[in-house]
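Printed here is start-v3.pdb (PDB, C-alpha atoms and all ligand atoms):
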```
ATOM      1  CA  MET A 400       5.543 -11.273   8.648  1.00  0.00           C
ATOM      2  CA  LEU A 401       7.792 -10.779   5.652  1.00  0.00           C
ATOM      3  CA  ILE A 402       6.805  -7.662   3.716  1.00  0.00           C
ATOM      4  CA  VAL A 403       8.014  -7.503   0.131  1.00  0.00           C
ATOM      5  CA  GLY A 404       8.168  -4.003  -1.345  1.00  0.00           C
ATOM      6  CA  LEU A 405       7.389  -4.058  -5.070  1.00  0.00           C
ATOM      7  CA  SER A 406       8.353  -1.169  -7.323  1.00  0.00           C
ATOM      8  CA  GLY A 407       9.810  -0.284 -10.718  1.00  0.00           C
ATOM      9  CA  GLY A 408       9.347   2.210 -13.527  1.00  0.00           C
ATOM     10  CA  VAL A 409       6.024   3.227 -15.069  1.00  0.00           C
ATOM     11  CA  ALA A 410       4.403   0.297 -16.927  1.00  0.00           C
ATOM     12  CA  THR A 411       7.413  -1.963 -16.396  1.00  0.00           C
ATOM     13  CA  GLY A 412       5.270  -4.880 -15.125  1.00  0.00           C
ATOM     14  CA  LYS A 413       4.627  -4.318 -11.380  1.00  0.00           C
ATOM     15  CA  SER A 414       0.904  -5.143 -11.591  1.00  0.00           C
ATOM     16  CA  THR A 415       1.640  -8.265 -13.622  1.00  0.00           C
ATOM     17  CA  VAL A 416       4.028  -9.435 -10.897  1.00  0.00           C
ATOM     18  CA  SER A 417       1.674  -8.517  -8.050  1.00  0.00           C
ATOM     19  CA  ASN A 418      -1.132 -10.452  -9.809  1.00  0.00           C
ATOM     20  CA  VAL A 419       1.062 -13.578  -9.735  1.00  0.00           C
ATOM     21  CA  PHE A 420       1.589 -13.081  -5.976  1.00  0.00           C
ATOM     22  CA  ARG A 421      -2.175 -12.561  -5.520  1.00  0.00           C
ATOM     23  CA  ALA A 422      -2.938 -15.741  -7.465  1.00  0.00           C
ATOM     24  CA  HIS A 423      -0.695 -17.573  -4.974  1.00  0.00           C
ATOM     25  CA  GLY A 424      -2.843 -16.245  -2.109  1.00  0.00           C
ATOM     26  CA  VAL A 425      -0.355 -13.564  -1.023  1.00  0.00           C
ATOM     27  CA  PRO A 426      -2.174 -10.424   0.247  1.00  0.00           C
ATOM     28  CA  ILE A 427      -1.283  -7.164  -1.507  1.00  0.00           C
ATOM     29  CA  ILE A 428      -1.233  -3.709   0.016  1.00  0.00           C
ATOM     30  CA  ASP A 429      -1.718  -1.687  -3.165  1.00  0.00           C
ATOM     31  CA  ALA A 430      -0.764   1.980  -2.722  1.00  0.00           C
ATOM     32  CA  ASP A 431      -2.475   3.052  -5.980  1.00  0.00           C
ATOM     33  CA  LEU A 432      -5.713   1.380  -4.920  1.00  0.00           C
ATOM     34  CA  VAL A 433      -5.523   2.940  -1.443  1.00  0.00           C
ATOM     35  CA  ALA A 434      -4.901   6.347  -3.052  1.00  0.00           C
ATOM     36  CA  ARG A 435      -8.179   5.909  -4.957  1.00  0.00           C
ATOM     37  CA  GLN A 436     -10.122   4.613  -1.943  1.00  0.00           C
ATOM     38  CA  VAL A 437      -9.273   7.554   0.327  1.00  0.00           C
ATOM     39  CA  VAL A 438     -10.730  10.115  -2.108  1.00  0.00           C
ATOM     40  CA  VAL A 439     -14.144   8.533  -2.743  1.00  0.00           C
ATOM     41  CA  PRO A 440     -17.108  10.852  -2.037  1.00  0.00           C
ATOM     42  CA  GLY A 441     -18.038  10.912   1.645  1.00  0.00           C
ATOM     43  CA  THR A 442     -14.527  10.587   3.054  1.00  0.00           C
ATOM     44  CA  SER A 443     -12.943  13.459   4.979  1.00  0.00           C
ATOM     45  CA  THR A 444     -10.078  13.571   2.445  1.00  0.00           C
ATOM     46  CA  TYR A 445     -12.646  14.094  -0.322  1.00  0.00           C
ATOM     47  CA  GLN A 446     -14.205  17.021   1.588  1.00  0.00           C
ATOM     48  CA  LYS A 447     -10.793  18.612   2.121  1.00  0.00           C
ATOM     49  CA  LEU A 448      -9.875  18.278  -1.570  1.00  0.00           C
ATOM     50  CA  ARG A 449     -13.162  19.813  -2.622  1.00  0.00           C
ATOM     51  CA  ALA A 450     -12.682  22.744  -0.269  1.00  0.00           C
ATOM     52  CA  GLU A 451      -9.108  23.268  -1.484  1.00  0.00           C
ATOM     53  CA  PHE A 452      -9.441  22.819  -5.269  1.00  0.00           C
ATOM     54  CA  GLY A 453     -13.101  23.679  -5.943  1.00  0.00           C
ATOM     55  CA  ALA A 454     -16.065  21.957  -7.640  1.00  0.00           C
ATOM     56  CA  GLU A 455     -14.523  22.089 -11.139  1.00  0.00           C
ATOM     57  CA  TYR A 456     -12.261  19.154 -10.161  1.00  0.00           C
ATOM     58  CA  PHE A 457     -15.263  16.938  -9.359  1.00  0.00           C
ATOM     59  CA  ASP A 458     -17.662  15.266 -11.753  1.00  0.00           C
ATOM     60  CA  ASP A 459     -20.999  16.178 -10.199  1.00  0.00           C
ATOM     61  CA  GLU A 460     -22.914  14.534 -13.035  1.00  0.00           C
ATOM     62  CA  HIS A 461     -21.368  11.183 -12.062  1.00  0.00           C
ATOM     63  CA  GLY A 462     -21.671  11.039  -8.277  1.00  0.00           C
ATOM     64  CA  GLY A 463     -19.155  13.833  -7.627  1.00  0.00           C
ATOM     65  CA  LEU A 464     -16.139  11.642  -8.396  1.00  0.00           C
ATOM     66  CA  LEU A 465     -12.731  13.313  -8.336  1.00  0.00           C
ATOM     67  CA  ARG A 466     -11.490  14.212 -11.837  1.00  0.00           C
ATOM     68  CA  ARG A 467      -8.080  12.601 -11.297  1.00  0.00           C
ATOM     69  CA  GLU A 468      -6.660  13.458 -14.714  1.00  0.00           C
ATOM     70  CA  LYS A 469      -7.635  17.115 -14.492  1.00  0.00           C
ATOM     71  CA  LEU A 470      -6.195  17.477 -10.983  1.00  0.00           C
ATOM     72  CA  GLY A 471      -3.125  15.500 -12.087  1.00  0.00           C
ATOM     73  CA  LYS A 472      -2.484  17.992 -14.889  1.00  0.00           C
ATOM     74  CA  LEU A 473      -2.866  20.949 -12.512  1.00  0.00           C
ATOM     75  CA  VAL A 474      -0.397  19.639  -9.909  1.00  0.00           C
ATOM     76  CA  PHE A 475       2.082  18.336 -12.504  1.00  0.00           C
ATOM     77  CA  ASN A 476       2.816  21.937 -13.510  1.00  0.00           C
ATOM     78  CA  ASP A 477       2.385  23.629 -10.134  1.00  0.00           C
ATOM     79  CA  PRO A 478       4.640  22.531  -7.220  1.00  0.00           C
ATOM     80  CA  GLU A 479       2.681  24.608  -4.649  1.00  0.00           C
ATOM     81  CA  LYS A 480      -0.616  22.918  -5.561  1.00  0.00           C
ATOM     82  CA  ARG A 481       1.139  19.531  -5.610  1.00  0.00           C
ATOM     83  CA  LYS A 482       2.349  20.177  -2.063  1.00  0.00           C
ATOM     84  CA  LYS A 483      -1.214  21.026  -1.005  1.00  0.00           C
ATOM     85  CA  LEU A 484      -2.584  17.862  -2.657  1.00  0.00           C
ATOM     86  CA  ASN A 485       0.070  15.654  -1.032  1.00  0.00           C
ATOM     87  CA  GLY A 486      -0.472  17.342   2.331  1.00  0.00           C
ATOM     88  CA  ILE A 487      -4.147  16.333   2.180  1.00  0.00           C
ATOM     89  CA  THR A 488      -3.901  12.853   0.673  1.00  0.00           C
ATOM     90  CA  HIS A 489      -0.621  11.408   2.017  1.00  0.00           C
ATOM     91  CA  PRO A 490      -1.591  11.233   5.735  1.00  0.00           C
ATOM     92  CA  ALA A 491      -4.847   9.443   4.789  1.00  0.00           C
ATOM     93  CA  ILE A 492      -2.992   7.025   2.491  1.00  0.00           C
ATOM     94  CA  ARG A 493      -0.334   6.265   5.153  1.00  0.00           C
ATOM     95  CA  TRP A 494      -3.006   5.683   7.821  1.00  0.00           C
ATOM     96  CA  GLU A 495      -5.003   3.313   5.566  1.00  0.00           C
ATOM     97  CA  MET A 496      -1.863   1.361   4.630  1.00  0.00           C
ATOM     98  CA  LEU A 497      -0.864   1.114   8.306  1.00  0.00           C
ATOM     99  CA  LYS A 498      -4.343  -0.290   9.135  1.00  0.00           C
ATOM    100  CA  GLN A 499      -4.003  -2.909   6.386  1.00  0.00           C
ATOM    101  CA  PHE A 500      -0.489  -3.797   7.596  1.00  0.00           C
ATOM    102  CA  LEU A 501      -1.634  -4.195  11.243  1.00  0.00           C
ATOM    103  CA  TYR A 502      -4.577  -6.348  10.138  1.00  0.00           C
ATOM    104  CA  LEU A 503      -2.217  -8.690   8.249  1.00  0.00           C
ATOM    105  CA  LEU A 504       0.258  -8.729  11.139  1.00  0.00           C
ATOM    106  CA  PHE A 505      -2.329  -9.711  13.742  1.00  0.00           C
ATOM    107  CA  THR A 506      -4.039 -12.281  11.528  1.00  0.00           C
ATOM    108  CA  GLY A 507      -0.752 -14.206  11.301  1.00  0.00           C
ATOM    109  CA  THR A 508       0.027 -13.555   7.629  1.00  0.00           C
ATOM    110  CA  LYS A 509       3.450 -14.944   6.707  1.00  0.00           C
ATOM    111  CA  LEU A 510       4.098 -13.059   3.475  1.00  0.00           C
ATOM    112  CA  ALA A 511       2.570  -9.857   2.044  1.00  0.00           C
ATOM    113  CA  VAL A 512       3.391  -7.537  -0.846  1.00  0.00           C
ATOM    114  CA  PHE A 513       3.511  -3.769  -0.579  1.00  0.00           C
ATOM    115  CA  ASP A 514       2.986  -2.537  -4.157  1.00  0.00           C
ATOM    116  CA  THR A 515       3.946   1.114  -4.613  1.00  0.00           C
ATOM    117  CA  PRO A 516       5.644   3.052  -7.413  1.00  0.00           C
ATOM    118  CA  LEU A 517       7.154   5.408  -4.779  1.00  0.00           C
ATOM    119  CA  LEU A 518       8.762   2.736  -2.575  1.00  0.00           C
ATOM    120  CA  PHE A 519      12.199   4.368  -2.693  1.00  0.00           C
ATOM    121  CA  GLU A 520      11.122   7.996  -3.183  1.00  0.00           C
ATOM    122  CA  ALA A 521       9.033   7.853   0.011  1.00  0.00           C
ATOM    123  CA  GLY A 522      11.754   5.937   1.901  1.00  0.00           C
ATOM    124  CA  TYR A 523       9.464   2.964   2.716  1.00  0.00           C
ATOM    125  CA  ASP A 524      12.236   0.578   1.622  1.00  0.00           C
ATOM    126  CA  ARG A 525      14.069   1.261   4.920  1.00  0.00           C
ATOM    127  CA  PHE A 526      11.305  -0.486   6.896  1.00  0.00           C
ATOM    128  CA  ILE A 527      10.758  -3.397   4.532  1.00  0.00           C
ATOM    129  CA  GLY A 528      12.321  -6.876   4.615  1.00  0.00           C
ATOM    130  CA  THR A 529      12.858  -7.383   0.896  1.00  0.00           C
ATOM    131  CA  THR A 530      12.483  -5.145  -2.129  1.00  0.00           C
ATOM    132  CA  ILE A 531      11.769  -6.096  -5.733  1.00  0.00           C
ATOM    133  CA  VAL A 532      12.247  -3.789  -8.711  1.00  0.00           C
ATOM    134  CA  VAL A 533      10.759  -4.683 -12.108  1.00  0.00           C
ATOM    135  CA  TRP A 534      12.427  -2.942 -15.042  1.00  0.00           C
ATOM    136  CA  CYS A 535      12.644  -3.033 -18.812  1.00  0.00           C
ATOM    137  CA  ASP A 536      14.492  -0.988 -21.452  1.00  0.00           C
ATOM    138  CA  ARG A 537      13.267   2.588 -21.821  1.00  0.00           C
ATOM    139  CA  ASP A 538      12.016   2.022 -25.387  1.00  0.00           C
ATOM    140  CA  LYS A 539       9.888  -0.939 -24.265  1.00  0.00           C
ATOM    141  CA  GLU A 540       8.615   1.026 -21.253  1.00  0.00           C
ATOM    142  CA  ILE A 541       7.524   3.871 -23.547  1.00  0.00           C
ATOM    143  CA  ALA A 542       5.938   1.520 -26.093  1.00  0.00           C
ATOM    144  CA  ARG A 543       3.979  -0.402 -23.409  1.00  0.00           C
ATOM    145  CA  MET A 544       2.784   2.826 -21.834  1.00  0.00           C
ATOM    146  CA  MET A 545       1.741   4.359 -25.174  1.00  0.00           C
ATOM    147  CA  LYS A 546      -0.210   1.212 -26.077  1.00  0.00           C
ATOM    148  CA  ARG A 547      -1.903   0.676 -22.711  1.00  0.00           C
ATOM    149  CA  ASP A 548      -2.708   4.295 -21.824  1.00  0.00           C
ATOM    150  CA  ASN A 549      -3.113   5.664 -25.337  1.00  0.00           C
ATOM    151  CA  LEU A 550      -0.411   8.283 -24.738  1.00  0.00           C
ATOM    152  CA  SER A 551       1.820  10.257 -27.064  1.00  0.00           C
ATOM    153  CA  ARG A 552       5.563   9.491 -26.902  1.00  0.00           C
ATOM    154  CA  GLU A 553       6.125  12.914 -25.329  1.00  0.00           C
ATOM    155  CA  ASP A 554       3.606  12.292 -22.508  1.00  0.00           C
ATOM    156  CA  ALA A 555       5.016   8.812 -21.858  1.00  0.00           C
ATOM    157  CA  GLU A 556       8.543  10.232 -21.627  1.00  0.00           C
ATOM    158  CA  SER A 557       7.508  13.026 -19.263  1.00  0.00           C
ATOM    159  CA  ARG A 558       5.867  10.455 -16.926  1.00  0.00           C
ATOM    160  CA  ILE A 559       9.076   8.436 -16.835  1.00  0.00           C
ATOM    161  CA  ASN A 560      11.182  11.562 -16.261  1.00  0.00           C
ATOM    162  CA  ALA A 561       9.012  12.555 -13.280  1.00  0.00           C
ATOM    163  CA  GLN A 562      10.099   9.389 -11.417  1.00  0.00           C
ATOM    164  CA  MET A 563      13.367   8.404  -9.763  1.00  0.00           C
ATOM    165  CA  ASP A 564      15.911   7.045 -12.240  1.00  0.00           C
ATOM    166  CA  ILE A 565      15.324   3.306 -12.726  1.00  0.00           C
ATOM    167  CA  GLU A 566      19.091   2.612 -12.414  1.00  0.00           C
ATOM    168  CA  GLU A 567      18.997   4.101  -8.897  1.00  0.00           C
ATOM    169  CA  LYS A 568      16.014   1.894  -7.990  1.00  0.00           C
ATOM    170  CA  LYS A 569      17.806  -1.201  -9.327  1.00  0.00           C
ATOM    171  CA  LYS A 570      20.846  -0.365  -7.188  1.00  0.00           C
ATOM    172  CA  ARG A 571      18.711  -0.112  -4.053  1.00  0.00           C
ATOM    173  CA  ALA A 572      16.602  -3.248  -4.653  1.00  0.00           C
ATOM    174  CA  LYS A 573      17.392  -6.664  -3.150  1.00  0.00           C
ATOM    175  CA  ILE A 574      15.742  -8.495  -6.078  1.00  0.00           C
ATOM    176  CA  VAL A 575      15.780  -7.129  -9.646  1.00  0.00           C
ATOM    177  CA  ILE A 576      13.434  -8.554 -12.313  1.00  0.00           C
ATOM    178  CA  ASP A 577      14.411  -8.008 -15.933  1.00  0.00           C
ATOM    179  CA  ASN A 578      11.149  -7.717 -17.916  1.00  0.00           C
ATOM    180  CA  ASN A 579      12.599  -7.454 -21.427  1.00  0.00           C
ATOM    181  CA  GLY A 580      11.281 -10.885 -22.377  1.00  0.00           C
ATOM    182  CA  ASP A 581       7.662 -11.845 -22.950  1.00  0.00           C
ATOM    183  CA  ILE A 582       4.924 -11.713 -20.344  1.00  0.00           C
ATOM    184  CA  ASP A 583       5.031 -15.460 -19.581  1.00  0.00           C
ATOM    185  CA  ASP A 584       8.725 -15.090 -18.876  1.00  0.00           C
ATOM    186  CA  LEU A 585       7.883 -12.380 -16.342  1.00  0.00           C
ATOM    187  CA  ARG A 586       5.260 -14.565 -14.652  1.00  0.00           C
ATOM    188  CA  ASP A 587       7.753 -17.471 -14.417  1.00  0.00           C
ATOM    189  CA  LYS A 588      10.307 -15.191 -12.755  1.00  0.00           C
ATOM    190  CA  ALA A 589       7.687 -14.030 -10.252  1.00  0.00           C
ATOM    191  CA  ARG A 590       6.762 -17.649  -9.431  1.00  0.00           C
ATOM    192  CA  GLU A 591      10.442 -18.505  -8.816  1.00  0.00           C
ATOM    193  CA  ILE A 592      10.724 -15.574  -6.402  1.00  0.00           C
ATOM    194  CA  ILE A 593       7.585 -16.672  -4.533  1.00  0.00           C
ATOM    195  CA  ALA A 594       9.039 -20.180  -4.159  1.00  0.00           C
ATOM    196  CA  ASP A 595      12.244 -18.711  -2.684  1.00  0.00           C
ATOM    197  CA  LEU A 596      10.372 -16.378  -0.333  1.00  0.00           C
ATOM    198  CA  ASP A 597       8.206 -19.274   0.873  1.00  0.00           C
ATOM    199  CA  LYS A 598      11.392 -20.914   2.157  1.00  0.00           C
ATOM    200  CA  SER A 599      12.455 -17.792   4.076  1.00  0.00           C
ATOM    201  CA  TRP A 600      12.839 -18.001   7.850  1.00  0.00           C
ATOM    202  CA  LYS A 601      12.470 -14.229   8.300  1.00  0.00           C
ATOM    203  CA  PRO A 602       8.724 -14.267   9.200  1.00  0.00           C
ATOM    204  CA  TYR A 603       9.375 -16.799  11.980  1.00  0.00           C
ATOM    205  CA  ILE A 604      12.207 -14.654  13.355  1.00  0.00           C
ATOM    206  CA  HIS A 605       9.823 -11.643  13.365  1.00  0.00           C
ATOM    207  CA  TYR A 606       7.180 -13.668  15.223  1.00  0.00           C
ATOM    208  CA  LEU A 607       9.784 -14.786  17.746  1.00  0.00           C
ATOM    209  CA  ILE A 608      10.765 -11.152  18.367  1.00  0.00           C
ATOM    210  CA  LEU A 609       7.069 -10.191  18.742  1.00  0.00           C
ATOM    211  CA  ALA A 610       6.477 -13.131  21.115  1.00  0.00           C
ATOM    212  CA  VAL A 611       9.375 -11.931  23.277  1.00  0.00           C
ATOM    213  CA  ILE A 612       8.166  -8.316  23.255  1.00  0.00           C
ATOM    214  CA  PHE A 613       4.490  -9.050  23.971  1.00  0.00           C
ATOM    215  CA  GLY A 614       4.797 -12.320  25.916  1.00  0.00           C
ATOM    216  CA  VAL A 615       8.004 -13.059  27.752  1.00  0.00           C
ATOM    217  CA  LEU A 616       9.103  -9.471  28.455  1.00  0.00           C
ATOM    218  CA  PRO A 617       5.896  -8.362  30.293  1.00  0.00           C
ATOM    219  CA  LEU A 618       6.023 -11.580  32.366  1.00  0.00           C
ATOM    220  CA  TYR A 619       9.650 -10.916  33.266  1.00  0.00           C
ATOM    221  CA  LEU A 620       8.894  -7.284  34.219  1.00  0.00           C
ATOM    222  CA  LEU A 621       5.861  -8.379  36.258  1.00  0.00           C
ATOM    223  CA  LYS A 622       7.965 -10.854  38.238  1.00  0.00           C
ATOM    224  CA  LYS A 623      10.807  -8.377  38.749  1.00  0.00           C
ATOM    225  CA  PHE A 624       8.702  -5.476  40.030  1.00  0.00           C
ATOM    226  CA  ARG A 625       6.024  -7.354  41.993  1.00  0.00           C
TER     227      ARG A 625
HETATM  228  N1  LIG B 701       6.934  -8.735 -20.870  1.00  0.00           N
HETATM  229  C1  LIG B 701       5.925  -8.062 -21.400  1.00  0.00           C
HETATM  230  N2  LIG B 701       5.663  -8.127 -22.725  1.00  0.00           N
HETATM  231  C2  LIG B 701       4.649  -7.414 -23.267  1.00  0.00           C
HETATM  232  N3  LIG B 701       3.804  -6.624 -22.576  1.00  0.00           N
HETATM  233  C3  LIG B 701       4.008  -6.522 -21.263  1.00  0.00           C
HETATM  234  C4  LIG B 701       5.065  -7.232 -20.597  1.00  0.00           C
HETATM  235  N4  LIG B 701       5.010  -6.936 -19.285  1.00  0.00           N
HETATM  236  C5  LIG B 701       3.979  -6.087 -19.123  1.00  0.00           C
HETATM  237  N5  LIG B 701       3.379  -5.843 -20.307  1.00  0.00           N
HETATM  238  C6  LIG B 701       2.245  -4.960 -20.565  1.00  0.00           C
HETATM  239  O1  LIG B 701       2.662  -3.635 -20.265  1.00  0.00           O
HETATM  240  C7  LIG B 701       1.626  -2.928 -19.605  1.00  0.00           C
HETATM  241  C8  LIG B 701       2.139  -2.480 -18.232  1.00  0.00           C
HETATM  242  O2  LIG B 701       2.259  -3.624 -17.381  1.00  0.00           O
HETATM  243  P1  LIG B 701       1.799  -3.535 -15.856  1.00  0.00           P
HETATM  244  O3  LIG B 701       0.438  -2.923 -15.748  1.00  0.00           O
HETATM  245  O4  LIG B 701       2.044  -4.853 -15.220  1.00  0.00           O
HETATM  246  O5  LIG B 701       2.885  -2.456 -15.373  1.00  0.00           O
HETATM  247  P2  LIG B 701       2.892  -1.555 -14.060  1.00  0.00           P
HETATM  248  O6  LIG B 701       4.340  -1.364 -13.745  1.00  0.00           O
HETATM  249  O7  LIG B 701       2.045  -2.124 -12.997  1.00  0.00           O
HETATM  250  O8  LIG B 701       2.242  -0.207 -14.584  1.00  0.00           O
HETATM  251  P3  LIG B 701       1.948   1.147 -13.744  1.00  0.00           P
HETATM  252  O9  LIG B 701       3.272   1.803 -13.529  1.00  0.00           O
HETATM  253  O10 LIG B 701       1.073   1.959 -14.610  1.00  0.00           O
HETATM  254  O11 LIG B 701       1.292   0.740 -12.449  1.00  0.00           O
HETATM  255  C9  LIG B 701       0.439  -3.850 -19.520  1.00  0.00           C
HETATM  256  O12 LIG B 701      -0.403  -3.569 -20.596  1.00  0.00           O
HETATM  257  C10 LIG B 701       1.049  -5.241 -19.636  1.00  0.00           C
HETATM  258  O13 LIG B 701       0.162  -6.184 -20.198  1.00  0.00           O
END
```
How does the structure come out when it is put into structure tokens?
Ligand SMILES: Nc1ncnc2c1ncn2[C@@H]1O[C@H](COP(=O)(O)OP(=O)(O)OP(=O)(O)O)[C@@H](O)[C@H]1O
Amino acid sequence: MLIVGLSGGVATGKSTVSNVFRAHGVPIIDADLVARQVVVPGTSTYQKLRAEFGAEYFDDEHGGLLRREKLGKLVFNDPEKRKKLNGITHPAIRWEMLKQFLYLLFTGTKLAVFDTPLLFEAGYDRFIGTTIVVWCDRDKEIARMMKRDNLSREDAESRINAQMDIEEKKKRAKIVIDNNGDIDDLRDKAREIIADLDKSWKPYIHYLILAVIFGVLPLYLLKKFR
């Protein structure tokens, strides 16, 4: 299976690109979505968060849902609390993503997208076949974020500053998408990339390696040691 890691800056167009992949039938492992799923009421991660941070971070009038913004504000300004939050949520997120990856692997999926803003920060890019970074000029990034999330310029800038420098991400990526044009332009670029990836031989090479590991090698060892 060819896994494509998709990343970029905040509001630079990652979701727009991953939606084009989805529309082409490519499965998406969405780290943001997984991060939301692992903290729904009833999960063990939810219980741990509640025990650690207290009831004030949960909306008990609406099913006990985690108050993400409130907790986000707390950990943004407190590295110790952020460490605690990551220590609780990250293992659950990694485990869920691994389950989704194994499911796709064993159901014979040829191409899948791993959509995560922290592709490079978390070092996932080292294990991934191809990486895509979507970027746009800082002014556009700020304007799109302010419009979509109803943020002040200051808040938008501090969100960008909290992430790895986009120039560093562009350097590390195999494919770089310039999203300074209009949104249809972006979708066209994504479609061109999908067409190129569809021609890739990498998934077949991976399957060949897996066939050798799980098929031919055990047979060889059985014959040798019997
Ligand atoms: N080329 C473009 N022209 C105008 N608006 C755009 C363009 N590309 C994306 N947008 C808009 O900018 C916003 C952010 O885009 P999108 O959600 O795809 O980014 P993202 O990188 O996934 O964001 P996040 O970092 O929050 O996950 C959306 O409202 C989207 O419609």
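CA of Gly486 in chain A is positioned 21.4 Å from CA of Arg558 in chain A.
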Let me have all residues with an atom within 7 Å of ligand LIG 701 (chain B), counting all atoms listed in the file, laid out as a ChimeraX atom specification.
-> /A:407-416,516,543-544,547,578-582,584-585
In Å and to one decimal, CA of Phe513 in chain A is distant from CA of Asp429 in chain A by 6.2 Å
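What separates CA of Arg449 in chain A from CA of Gly463 in chain A is a distance of 9.8 Å.
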Carefully work through the PyMOL selection byres (((chain A and resi 525) around 12) and not hetatm) for this structure and note down the residues it includes, as a PyMOL selection string.
-> chain A and resi 402-404+518-524+526-530+571-573
Restricting the calculation to all atoms listed in the file, which member of A:Ile593, A:Ala542, A:Ala430, A:Leu470 is positioned closest to Lys483 in chain A?
-> A:Leu470
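Environment of (-8.6, 4.6, -7.5): residues at most 12 Å away, judged by all atoms listed in the file, are Asp429, Ala430, Asp431, Leu432, Val433, Ala434, Arg435, Gln436, Val437, Val438, Val439, Pro440, Leu464, Leu465, Arg466, Arg467, Glu468 and Ile492 of chain A.
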Residues near Ala594 in chain A, cut-off 12 Å, only C-alpha atoms, skip fewer than 4 positions along chain, as number ranges by chain | A: 419-420, 423, 425, 510, 587-590, 598-599
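The nearest approach to Met563 in chain A among the residues A:Asp536, A:Arg586, A:Gly453, A:Leu517, with only C-alpha atoms taken into account, belongs to A:Leu517.
Distances from A:Asn476, A:Arg537, A:Lys447, A:Met400 to Leu501 in chain A were compared using only C-alpha atoms, and the smallest one belongs to A:Met400.
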